[in-house]
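Heads up, the thing below is written out as structure tokens.
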Amino acid sequence: MTQLLRRHAVLLSVLAVGLGLRMLFFPPSYVPMQEDEVSYAADGLLLLEGTPLGFKFAPGAVTTWAGFAYGVANWVFNIVSAMGSRIELDALLIPLITLDQTLFDIYADMSGLHTVIAGLVLVLSLVGIYGATRIGRYFADWPGALLAGGLTAVVPLFCWIGVQSRPYSPAWSLTILSIAVMLTCSGSRRWVWAGLMFGLALASRIEMLFAIPLILWLMWVMSDNQDPVRSGARMAAAAILAFLVSAPWFITHLVGNVRKMVTVRILGESALEASLIGRFMMDEGLGIVAIVMLVGLLFRCRIDRWQAWIALAYVLFLGAELLTSQTSGGLRHVGHAFVTIVVVSGYALAGIQHVSGKRWAIPISVMVVLVALCLPFARSLSMARESRSGWVEHDAVGWIESNVPEGSPVFLTRSHTRVPLPTKASADRLWGGAAHETAWSEKLE
């Protein structure tokens, strides 16, 4: 047991830190961190209902199917309850009636759905940390695992989106895991598994297509990849299959989805006045990491020549993209840049180890890693405190109902206040006037 703990000490450490930080961000059931979390969560219910999804152009396969499974589980429970009740219903009508009841109950109180999807996203984010440690160890032994896994564990955006019922974190985590399988597993089947995971990542966020240059570069870097064309074809075929199976609604509305992406992401007006590079370096605390990565890549240029030069050119290109990009979605729409810095940081750290010599390689690289991770860790703690201060507990809704006279004017502000989901009691009162049998006649009287 002790030997096992020593062997996996880095992995267990970064997982513990990552889980701890994410729990600081994890909101109560009735407090979605972003308003569109409710819409993403409801896509699974729309799928169950047979209605076109609200976010077809942003496939969201993982969160959509999670919401669908949640709805099906509640539906089956209601069917069993109806069959065991004394109410006489035609057996053919039970599934239809209970489906309507299930959808209505979940829409009336979405706190359970929100928590289930956010919990799944949290688990997948921890899987992403595991994949990052394997990637870092592949390039730079356990200091590389500490750096790559640590970045995935402590960078504020990784933590923030890692507890939301939105598909960003699953897409990033599955891309990292796909690369980890590609680099660290053996045999020809790894390309199939890596492709399936990457296809599911694309089916969660289509912009992960921008990670393909990184994957192609890694295929070139890998020493045991004797036939990159065949392995790449296997991975591509598996990725296409996974994408088509997990997000078929993207293809059925392909023209409209492409139009939406072009008008919103390319031609749409930006809501940001500054470029993303400052937020990437300062708000996410990645300034020191970027310097370490650039220095390490320059050192690797003395070893790998073309491979390192191409990696350096790609990193500089991403920097220029962040400098000029002004997407209204902010940094969450450049997930490929975060995946790249996680993967390439371990590769660059190996260059620092090489020039340090065998005696000082580990001590110097560990010192560099700890210094690089300090700022992102501090920023995550600060952002978690700020995020928690903006939570609106569901008790606040009860206080307003008890203390504010009926008919009082209420003013809402969109500063940093999160819009709370309705409580069960509030939902029952809201829908009570429309859901009972004589509601239609009362409205006409």
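In the structure tokens, chains take the letters A, B, ... in the order shown, each chain's residues start at 1, and ligands count up from 1 in the order shown.
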
So which bits of stretch 148-268 of chain A end up helix (DSSP H, G or I) when you DSSP the backbone, as a ChimeraX atom specification? /A:148-154,156-161,168-184,189-204,206-221,228-246,248-252,254-266

Emit the selected residues as a compact mmCIF listing (two decimals), in the first residue's frame, including C-alpha atoms.
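As a result, part.txt now contains:
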# COMPACT_ATOMS: atom_id res chain seq x y z
CA ALA A 148 0.66 19.23 -16.58
CA GLY A 149 -1.63 17.71 -13.97
CA GLY A 150 -1.19 20.71 -11.71
CA LEU A 151 -2.19 23.13 -14.46
CA THR A 152 -5.36 21.15 -15.15
CA ALA A 153 -6.08 21.04 -11.43
CA VAL A 154 -5.50 24.68 -10.42
CA PRO A 156 -9.07 29.07 -12.55
CA LEU A 157 -10.96 28.46 -15.78
CA PHE A 158 -10.49 24.69 -15.48
CA CYS A 159 -11.96 24.88 -11.97
CA TRP A 160 -14.76 27.30 -12.87
CA ILE A 161 -16.14 25.40 -15.86
CA TYR A 168 -16.91 23.14 -22.07
CA SER A 169 -15.13 21.13 -19.39
CA PRO A 170 -16.14 17.71 -20.80
CA ALA A 171 -14.78 18.73 -24.21
CA TRP A 172 -11.44 19.86 -22.78
CA SER A 173 -11.10 16.85 -20.47
CA LEU A 174 -11.93 14.33 -23.20
CA THR A 175 -9.42 15.96 -25.56
CA ILE A 176 -6.70 15.72 -22.91
CA LEU A 177 -7.63 12.10 -22.18
CA SER A 178 -7.59 11.30 -25.91
CA ILE A 179 -4.04 12.65 -26.18
CA ALA A 180 -3.00 10.73 -23.06
CA VAL A 181 -4.27 7.46 -24.55
CA MET A 182 -2.51 8.24 -27.80
CA LEU A 183 0.84 8.90 -26.09
CA THR A 184 0.95 6.47 -23.20
CA ARG A 189 -6.30 -0.14 -30.64
CA ARG A 190 -5.15 2.96 -28.79
CA TRP A 191 -5.82 4.99 -31.94
CA VAL A 192 -9.41 3.79 -31.97
CA TRP A 193 -9.93 4.62 -28.28
CA ALA A 194 -8.21 7.98 -28.69
CA GLY A 195 -10.40 8.74 -31.71
CA LEU A 196 -13.59 7.81 -29.89
CA MET A 197 -12.72 10.15 -27.02
CA PHE A 198 -11.78 12.98 -29.36
CA GLY A 199 -14.99 12.48 -31.34
CA LEU A 200 -16.98 12.75 -28.12
CA ALA A 201 -15.02 15.92 -27.28
CA LEU A 202 -15.97 17.39 -30.68
CA ALA A 203 -19.58 16.39 -30.06
CA SER A 204 -19.43 18.41 -26.84
CA ILE A 206 -17.15 21.72 -31.98
CA GLU A 207 -14.29 24.24 -31.60
CA MET A 208 -12.06 21.44 -30.33
CA LEU A 209 -11.37 20.95 -34.04
CA PHE A 210 -8.67 23.56 -33.46
CA ALA A 211 -6.78 20.96 -31.40
CA ILE A 212 -6.13 18.86 -34.53
CA PRO A 213 -2.79 20.61 -35.34
CA LEU A 214 -1.58 19.72 -31.83
CA ILE A 215 -2.60 16.08 -32.33
CA LEU A 216 -0.85 15.89 -35.71
CA TRP A 217 2.32 17.33 -34.17
CA LEU A 218 2.20 14.76 -31.37
CA MET A 219 1.90 11.95 -33.92
CA TRP A 220 5.15 13.19 -35.41
CA VAL A 221 6.87 13.51 -32.04
CA PRO A 228 1.46 7.89 -38.72
CA VAL A 229 -0.78 7.82 -41.81
CA ARG A 230 -2.51 4.56 -40.88
CA SER A 231 -2.75 5.45 -37.18
CA GLY A 232 -4.12 8.89 -38.05
CA ALA A 233 -6.71 7.35 -40.36
CA ARG A 234 -7.88 4.98 -37.62
CA MET A 235 -8.16 7.81 -35.14
CA ALA A 236 -10.03 10.03 -37.62
CA ALA A 237 -12.50 7.27 -38.53
CA ALA A 238 -13.22 6.54 -34.86
CA ALA A 239 -13.63 10.25 -34.11
CA ILE A 240 -16.11 10.73 -36.98
CA LEU A 241 -18.09 7.70 -35.85
CA ALA A 242 -18.24 8.89 -32.24
CA PHE A 243 -19.29 12.37 -33.33
CA LEU A 244 -22.09 11.14 -35.61
CA VAL A 245 -23.46 8.72 -33.03
CA SER A 246 -23.32 11.07 -30.02
CA PRO A 248 -26.63 13.36 -34.76
CA TRP A 249 -28.64 16.57 -34.37
CA PHE A 250 -25.62 18.59 -35.49
CA ILE A 251 -25.66 16.93 -38.92
CA THR A 252 -29.44 17.07 -39.40
CA LEU A 254 -25.84 21.30 -40.57
CA VAL A 255 -26.53 24.37 -42.73
CA GLY A 256 -28.27 26.25 -39.95
CA ASN A 257 -25.57 25.30 -37.45
CA VAL A 258 -22.76 26.51 -39.71
CA ARG A 259 -24.64 29.77 -40.35
CA LYS A 260 -25.11 30.26 -36.62
CA MET A 261 -21.44 29.63 -35.85
CA VAL A 262 -20.25 32.00 -38.57
CA THR A 263 -22.63 34.82 -37.62
CA VAL A 264 -22.01 34.51 -33.87
CA ARG A 265 -18.35 33.53 -33.64
CA ILE A 266 -16.84 35.22 -36.72

Who sits within 10 Å of stretch 117-122 of chain A, only C-alpha atoms, same chain under 6 positions skipped, as a VMD selection string: chain A and resid 18 to 19 22 to 23 26 to 27 29 32 37 40 to 41 62 to 67 70 128 159 161 to 171 173

Do a neighbour search on stretch 301-315 of chain A at 8 Å with only C-alpha atoms, toss out local chain neighbours closer than 2 positions, and write the hits as a PyMOL selection string. chain A and resi 217+220-221+294+297-299+317-319+340+344+351

So that I have them on file, write out the residues from the current selection with N, CA, C and O atoms, as a compact mmCIF listing (two decimals), in the first residue's frame.
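File produced: selection25.txt:
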# COMPACT_ATOMS: atom_id res chain seq x y z
N TRP A 217 0.95 17.13 -34.62
CA TRP A 217 2.32 17.33 -34.17
C TRP A 217 2.75 16.23 -33.22
O TRP A 217 3.88 15.72 -33.31
N TRP A 220 3.81 13.09 -34.86
CA TRP A 220 5.15 13.19 -35.41
C TRP A 220 6.20 13.02 -34.31
O TRP A 220 7.24 12.39 -34.51
N VAL A 221 5.91 13.57 -33.14
CA VAL A 221 6.87 13.51 -32.04
C VAL A 221 7.02 12.09 -31.49
O VAL A 221 8.10 11.67 -31.07
N LEU A 294 8.09 28.83 -23.15
CA LEU A 294 8.89 29.38 -24.24
C LEU A 294 10.38 29.10 -24.05
O LEU A 294 11.08 28.71 -25.00
N LEU A 297 11.02 25.41 -24.69
CA LEU A 297 10.97 25.08 -26.12
C LEU A 297 12.24 25.53 -26.83
O LEU A 297 12.74 24.83 -27.73
N LEU A 298 12.78 26.67 -26.42
CA LEU A 298 14.05 27.11 -27.01
C LEU A 298 15.17 26.13 -26.69
O LEU A 298 16.03 25.84 -27.54
N PHE A 299 15.19 25.62 -25.47
CA PHE A 299 16.18 24.61 -25.11
C PHE A 299 15.97 23.32 -25.91
O PHE A 299 16.93 22.66 -26.32
N PHE A 317 1.80 31.28 -32.52
CA PHE A 317 0.58 31.52 -33.29
C PHE A 317 -0.63 31.61 -32.36
O PHE A 317 -1.50 32.48 -32.54
N LEU A 318 -0.71 30.72 -31.36
CA LEU A 318 -1.80 30.78 -30.39
C LEU A 318 -1.76 32.08 -29.60
O LEU A 318 -2.80 32.67 -29.28
N GLY A 319 -0.54 32.53 -29.27
CA GLY A 319 -0.41 33.82 -28.59
C GLY A 319 -0.94 34.96 -29.43
O GLY A 319 -1.63 35.85 -28.92
N THR A 340 -3.39 22.99 -25.28
CA THR A 340 -2.03 23.07 -25.82
C THR A 340 -1.02 23.39 -24.73
O THR A 340 0.05 22.77 -24.66
N VAL A 344 2.03 20.91 -24.10
CA VAL A 344 3.37 21.36 -24.50
C VAL A 344 4.22 21.74 -23.29
O VAL A 344 5.45 21.71 -23.38
N GLY A 351 13.03 20.03 -21.89
CA GLY A 351 14.16 20.80 -22.39
C GLY A 351 14.94 21.46 -21.27
O GLY A 351 16.17 21.51 -21.28

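For the pair atom CA of A:Ser125 and atom CA of A:Leu113, the separation is 18.4 Å.
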
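Relative to atom CA of A:Ser188, atom CA of A:Gly136 is found at 22.0 Å.
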
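Ranking A:Trp75, A:Phe68, A:Tyr130, A:Tyr107 by their shortest atom-to-atom distance to A:Ala16, with only C-alpha atoms included, puts A:Tyr130 first.
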
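Taking atom CA of A:Ile97 and atom CA of A:Val116 as the two end points, the separation is 24.5 Å.
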
Spatial neighbours of A:Gly296, max dist 10 Å, only C-alpha atoms, sep filter under 3 positions, as a list in words: Ala290, Ile291, Val292, Met293, Phe299, Arg300, Cys301, Ala308, Leu312, Val344, Ser345, Gly346, Tyr347, Ala348, Leu349, Ala350, Gly351, Ile352, Gln353, His354 and Val355 of chain A
